[in-house]
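Data block for work27.json (JSON, C-alpha atoms):
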[["chain", "number", "residue", "atom", "x", "y", "z"],
["Y", 5, "MET", "CA", 0.00, 0.00, 0.00],
["Y", 6, "LEU", "CA", 2.82, 2.38, 0.93],
["Y", 7, "LEU", "CA", 4.71, 1.42, -2.21],
["Y", 8, "ARG", "CA", 1.68, 2.24, -4.41],
["Y", 9, "SER", "CA", 1.19, 5.62, -2.75],
["Y", 10, "LEU", "CA", 4.86, 6.42, -3.18],
["Y", 11, "ALA", "CA", 4.76, 5.38, -6.86],
["Y", 12, "ALA", "CA", 1.66, 7.53, -7.48],
["Y", 13, "LEU", "CA", 3.28, 10.50, -5.77],
["Y", 14, "LEU", "CA", 6.45, 10.04, -7.82],
["Y", 15, "LEU", "CA", 4.43, 9.82, -11.06],
["Y", 16, "ALA", "CA", 2.51, 12.99, -10.17],
["Y", 17, "ALA", "CA", 5.77, 14.84, -9.49],
["Y", 18, "VAL", "CA", 7.27, 13.71, -12.81],
["Y", 19, "VAL", "CA", 4.18, 14.71, -14.79],
["Y", 20, "ALA", "CA", 3.98, 18.10, -13.05],
["Y", 21, "GLY", "CA", 7.69, 18.69, -13.56],
["Y", 22, "CYS", "CA", 7.65, 18.03, -17.32],
["Y", 23, "GLY", "CA", 5.11, 20.77, -18.00],
["Y", 24, "PHE", "CA", 2.27, 18.41, -18.89],
["Y", 25, "GLN", "CA", -1.08, 20.17, -18.82],
["Y", 26, "LEU", "CA", -4.55, 19.00, -19.79],
["Y", 27, "ARG", "CA", -5.95, 20.84, -22.80],
["Y", 28, "GLY", "CA", -9.24, 21.70, -21.07],
["Y", 29, "ALA", "CA", -10.95, 25.00, -21.84],
["Y", 30, "GLN", "CA", -7.82, 27.08, -22.16],
["Y", 31, "SER", "CA", -8.32, 30.41, -23.81],
["Y", 32, "ALA", "CA", -5.74, 31.22, -26.44],
["Y", 33, "ALA", "CA", -4.50, 34.77, -26.88],
["Y", 34, "LEU", "CA", -5.16, 36.12, -30.36],
["Y", 35, "PRO", "CA", -2.64, 38.38, -32.11],
["Y", 36, "TYR", "CA", -5.29, 41.08, -32.76],
["Y", 37, "LYS", "CA", -6.30, 44.00, -30.55],
["Y", 38, "THR", "CA", -9.77, 44.28, -32.11],
["Y", 39, "LEU", "CA", -11.79, 41.73, -34.07],
["Y", 40, "HIS", "CA", -15.09, 41.83, -35.93],
["Y", 41, "ILE", "CA", -16.96, 38.58, -36.57],
["Y", 42, "ALA", "CA", -18.76, 38.87, -39.91],
["Y", 43, "LEU", "CA", -21.53, 36.40, -39.08],
["Y", 44, "PRO", "CA", -25.19, 36.86, -38.12],
["Y", 45, "GLU", "CA", -25.70, 37.44, -34.39],
["Y", 46, "THR", "CA", -27.74, 34.23, -34.13],
["Y", 47, "SER", "CA", -25.05, 32.07, -35.77],
["Y", 48, "GLU", "CA", -24.01, 29.28, -33.43],
["Y", 49, "VAL", "CA", -20.37, 29.61, -34.57],
["Y", 50, "ARG", "CA", -20.42, 33.35, -33.78],
["Y", 51, "ILE", "CA", -21.90, 32.78, -30.31],
["Y", 52, "TRP", "CA", -19.21, 30.20, -29.46],
["Y", 53, "LEU", "CA", -16.43, 32.38, -30.97],
["Y", 54, "GLU", "CA", -17.51, 35.38, -28.90],
["Y", 55, "ARG", "CA", -17.42, 33.26, -25.73],
["Y", 56, "TYR", "CA", -13.91, 32.00, -26.43],
["Y", 57, "ILE", "CA", -12.58, 35.43, -27.44],
["Y", 58, "ARG", "CA", -14.05, 37.15, -24.39],
["Y", 59, "ALA", "CA", -12.53, 34.43, -22.21],
["Y", 60, "SER", "CA", -9.10, 35.12, -23.71],
["Y", 61, "GLY", "CA", -9.32, 38.73, -22.51],
["Y", 62, "THR", "CA", -6.71, 40.00, -24.98],
["Y", 63, "THR", "CA", -8.91, 40.83, -27.97],
["Y", 64, "THR", "CA", -11.83, 43.26, -28.03],
["Y", 65, "LEU", "CA", -14.85, 42.41, -30.18],
["Y", 66, "VAL", "CA", -16.22, 45.34, -32.19],
["Y", 67, "ASP", "CA", -19.53, 45.67, -34.05],
["Y", 68, "ASN", "CA", -18.20, 47.86, -36.86],
["Y", 69, "ALA", "CA", -15.85, 46.16, -39.33],
["Y", 70, "LYS", "CA", -14.16, 49.51, -40.14],
["Y", 71, "GLU", "CA", -13.00, 49.81, -36.50],
["Y", 72, "ALA", "CA", -11.50, 46.31, -36.42],
["Y", 73, "GLU", "CA", -7.87, 45.39, -36.88],
["Y", 74, "ALA", "CA", -9.06, 41.97, -38.14],
["Y", 75, "ILE", "CA", -12.33, 40.64, -39.56],
["Y", 76, "PHE", "CA", -13.29, 36.97, -39.25],
["Y", 77, "GLN", "CA", -15.09, 35.82, -42.41],
["Y", 78, "GLN", "CA", -16.85, 32.51, -42.92],
["Y", 79, "LEU", "CA", -16.25, 31.18, -46.43],
["Y", 80, "SER", "CA", -18.38, 28.04, -46.12],
["Y", 81, "ASP", "CA", -20.21, 25.97, -43.53],
["Y", 82, "ASN", "CA", -21.27, 22.58, -44.92],
["Y", 83, "ARG", "CA", -23.10, 20.11, -42.73],
["Y", 84, "GLN", "CA", -24.03, 16.72, -44.12],
["Y", 85, "LYS", "CA", -25.79, 13.69, -42.75],
["Y", 86, "THR", "CA", -25.14, 10.54, -44.77],
["Y", 87, "ILE", "CA", -26.21, 6.94, -44.36],
["Y", 88, "LEU", "CA", -23.30, 4.81, -43.23],
["Y", 89, "SER", "CA", -24.94, 1.36, -43.04],
["Y", 90, "VAL", "CA", -28.29, -0.41, -43.33],
["Y", 91, "ASN", "CA", -29.56, -3.66, -41.82],
["Y", 92, "ALA", "CA", -30.84, -6.74, -43.67],
["Y", 93, "GLN", "CA", -34.34, -5.19, -43.93],
["Y", 94, "GLY", "CA", -32.93, -2.07, -45.57],
["Y", 95, "ARG", "CA", -33.44, 0.12, -42.51],
["Y", 96, "ILE", "CA", -30.78, 2.63, -41.53],
["Y", 97, "ARG", "CA", -28.38, 1.46, -38.78],
["Y", 98, "GLU", "CA", -25.80, 4.25, -38.78],
["Y", 99, "HIS", "CA", -25.42, 7.84, -39.96],
["Y", 100, "ARG", "CA", -22.30, 9.92, -40.37],
["Y", 101, "LEU", "CA", -22.48, 13.61, -39.47],
["Y", 102, "GLN", "CA", -19.89, 15.68, -41.34],
["Y", 103, "LEU", "CA", -19.00, 19.31, -40.77],
["Y", 104, "THR", "CA", -16.65, 21.17, -43.13],
["Y", 105, "TYR", "CA", -15.92, 24.81, -42.32],
["Y", 106, "ARG", "CA", -13.76, 27.36, -44.18],
["Y", 107, "PHE", "CA", -12.76, 30.78, -42.88],
["Y", 108, "ARG", "CA", -10.22, 33.54, -43.33],
["Y", 109, "ILE", "CA", -9.16, 36.78, -41.64],
["Y", 110, "VAL", "CA", -9.00, 40.09, -43.51],
["Y", 111, "ASN", "CA", -8.18, 43.62, -42.39],
["Y", 112, "ALA", "CA", -10.54, 46.63, -42.63],
["Y", 113, "LYS", "CA", -9.39, 47.23, -46.24],
["Y", 114, "GLY", "CA", -10.39, 43.69, -47.21],
["Y", 115, "GLN", "CA", -6.79, 42.50, -47.56],
["Y", 116, "GLU", "CA", -6.23, 38.93, -46.50],
["Y", 117, "ILE", "CA", -4.07, 38.56, -43.38],
["Y", 118, "VAL", "CA", -4.82, 34.88, -42.66],
["Y", 119, "PRO", "CA", -5.39, 32.76, -45.78],
["Y", 120, "PRO", "CA", -8.40, 30.45, -46.07],
["Y", 121, "ASN", "CA", -8.35, 27.57, -43.59],
["Y", 122, "GLU", "CA", -10.52, 24.47, -43.76],
["Y", 123, "LEU", "CA", -11.56, 22.31, -40.83],
["Y", 124, "SER", "CA", -13.42, 19.01, -41.10],
["Y", 125, "LEU", "CA", -15.10, 17.05, -38.33],
["Y", 126, "SER", "CA", -17.21, 13.91, -38.41],
["Y", 127, "ARG", "CA", -19.12, 11.79, -35.94],
["Y", 128, "ASP", "CA", -20.87, 8.45, -36.40],
["Y", 129, "LEU", "CA", -24.35, 7.98, -34.98],
["Y", 130, "THR", "CA", -26.22, 4.70, -34.58],
["Y", 131, "TYR", "CA", -29.89, 4.83, -35.45],
["Y", 132, "ASP", "CA", -32.83, 2.96, -33.97],
["Y", 133, "ASP", "CA", -36.32, 3.66, -35.31],
["Y", 134, "SER", "CA", -37.84, 2.50, -32.02],
["Y", 135, "ASN", "CA", -36.11, 5.45, -30.26],
["Y", 136, "VAL", "CA", -36.58, 8.23, -32.79],
["Y", 137, "LEU", "CA", -36.92, 11.08, -30.26],
["Y", 138, "ALA", "CA", -33.86, 10.01, -28.28],
["Y", 139, "LYS", "CA", -31.80, 9.62, -31.45],
["Y", 140, "ASP", "CA", -32.91, 13.06, -32.70],
["Y", 141, "GLN", "CA", -31.78, 14.57, -29.40],
["Y", 142, "GLU", "CA", -28.48, 12.68, -29.60],
["Y", 143, "GLU", "CA", -27.95, 14.02, -33.13],
["Y", 144, "ARG", "CA", -28.57, 17.62, -31.96],
["Y", 145, "LEU", "CA", -26.08, 17.12, -29.12],
["Y", 146, "LEU", "CA", -23.49, 15.74, -31.53],
["Y", 147, "TRP", "CA", -23.91, 18.74, -33.86],
["Y", 148, "ARG", "CA", -23.51, 21.06, -30.87],
["Y", 149, "ASP", "CA", -20.41, 19.18, -29.71],
["Y", 150, "MET", "CA", -18.97, 19.39, -33.23],
["Y", 151, "THR", "CA", -19.58, 23.15, -33.34],
["Y", 152, "SER", "CA", -17.87, 23.58, -29.99],
["Y", 153, "GLU", "CA", -14.89, 21.52, -31.17],
["Y", 154, "LEU", "CA", -14.82, 23.50, -34.44],
["Y", 155, "VAL", "CA", -14.59, 26.82, -32.60],
["Y", 156, "SER", "CA", -11.94, 25.42, -30.29],
["Y", 157, "GLN", "CA", -9.87, 24.41, -33.33],
["Y", 158, "ILE", "CA", -10.44, 27.83, -34.96],
["Y", 159, "MET", "CA", -9.18, 29.55, -31.81],
["Y", 160, "ARG", "CA", -6.09, 27.32, -31.68],
["Y", 161, "ARG", "CA", -5.33, 28.04, -35.32],
["Y", 162, "LEU", "CA", -5.85, 31.78, -34.96],
["Y", 163, "SER", "CA", -3.57, 31.90, -31.93],
["Y", 164, "LEU", "CA", -0.82, 29.94, -33.71],
["Y", 165, "ILE", "CA", -0.98, 31.35, -37.24],
["Y", 166, "LYS", "CA", 1.16, 34.43, -37.56],
["Y", 167, "PRO", "CA", -0.83, 37.02, -39.54],
["Y", 168, "LYS", "CA", 0.91, 38.10, -42.73],
["Y", 169, "ASP", "CA", 1.42, 41.75, -43.54],
["Y", 170, "PRO", "CA", -0.93, 42.48, -46.49],
["Y", 171, "ASN", "CA", 1.37, 45.28, -47.65],
["Y", 172, "GLN", "CA", 4.31, 42.89, -48.01],
["Y", 173, "GLU", "CA", 4.51, 41.03, -51.33],
["Y", 174, "ASP", "CA", 4.88, 37.24, -51.37],
["Y", 175, "ASP", "CA", 8.25, 35.98, -52.55],
["Y", 176, "GLU", "CA", 7.33, 33.39, -55.17]]
If you convert what's in this file into structure tokens, what do you get?
Amino acid sequence: MLLRSLAALLLAAVVAGCGFQLRGAQSAALPYKTLHIALPETSEVRIWLERYIRASGTTTLVDNAKEAEAIFQQLSDNRQKTILSVNAQGRIREHRLQLTYRFRIVNAKGQEIVPPNELSLSRDLTYDDSNVLAKDQEERLLWRDMTSELVSQIMRRLSLIKPKDPNQEDDE
């Protein structure tokens, strides 16, 4: 018993000493002082983005695009539900939910400072026609989870991608 406790304590000290940290709901600092999100106010992606950005505390959201240092633009938001498998009677057994999202960041002049990025997520969902209401609710929860994960990935990308200077020409 003492040996197990000592081993667990040693493992905890090693993990803490190496800098290991759970990903959790960390808020990433964005490299922009002000940001405008060019999405409708009721957009689920916008609502989640605003939450994450406000939690970061380093970027101010502005309503007017002309006042923003950077403007988040959605290029596409494709959500598909496809049949993955059917049973012997031809009834659906599984669906695949797919989310493909493209975005970019431009400045107030419309010059691109972060090139188009594409993110893809998918989840598989079993289906049972005897539990239609429960499966519909599960599908809604999966879509919500995918949107949350999408915004988390967008925030990670925006915090890691160094914005390019639109006035500097590309060396090609």
Original post:
So which residues touch Asp133 (chain Y) within 10 Å, counting all atoms listed in the file, skipping near sequence neighbours fewer than 4 positions away, as number ranges by chain?
Top reply: Y: 95-97, 137-139
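The neighbours of Leu164 (chain Y) here are the residues that come within 10 Å of it, using all atoms listed in the file and leaving out any residue fewer than 6 positions away in the same chain; they are Ala32, Ala33, Leu34, Pro35 and Ile158 of chain Y.
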Original post:
For Pro167 (chain Y), which residue out of Y:Val110, Y:Ile87, Y:Leu53, Y:Met5 is the nearest one, using all atoms listed in the file?
Top reply: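 Under the stated criterion, the closest residue is Y:Val110.
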Original post:
How many Å lie between CA of Asn121 (chain Y) and CA of Thr86 (chain Y), rounded to one decimal?
Top reply: 23.9 Å
Original post:
For Met150 (chain Y), which of Y:Lys113, Y:Arg83, Y:Arg58, Y:Arg50 is the closest residue, counting all atoms listed in the file?
Top reply: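 Distance minimum relative to Met150 (chain Y) lands on Y:Arg83.
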**OP:** Choose the residue, out of Y:Ala92, Y:Leu145, Y:Ala74, Y:Leu123, that has the smallest atom-to-atom separation from Thr104 (chain Y); count only C-alpha atoms.
**Re:** Y:Leu123
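The gap separating CA of Ala112 (chain Y) from CA of Lys166 (chain Y) is 17.6 Å, in Å to one decimal.
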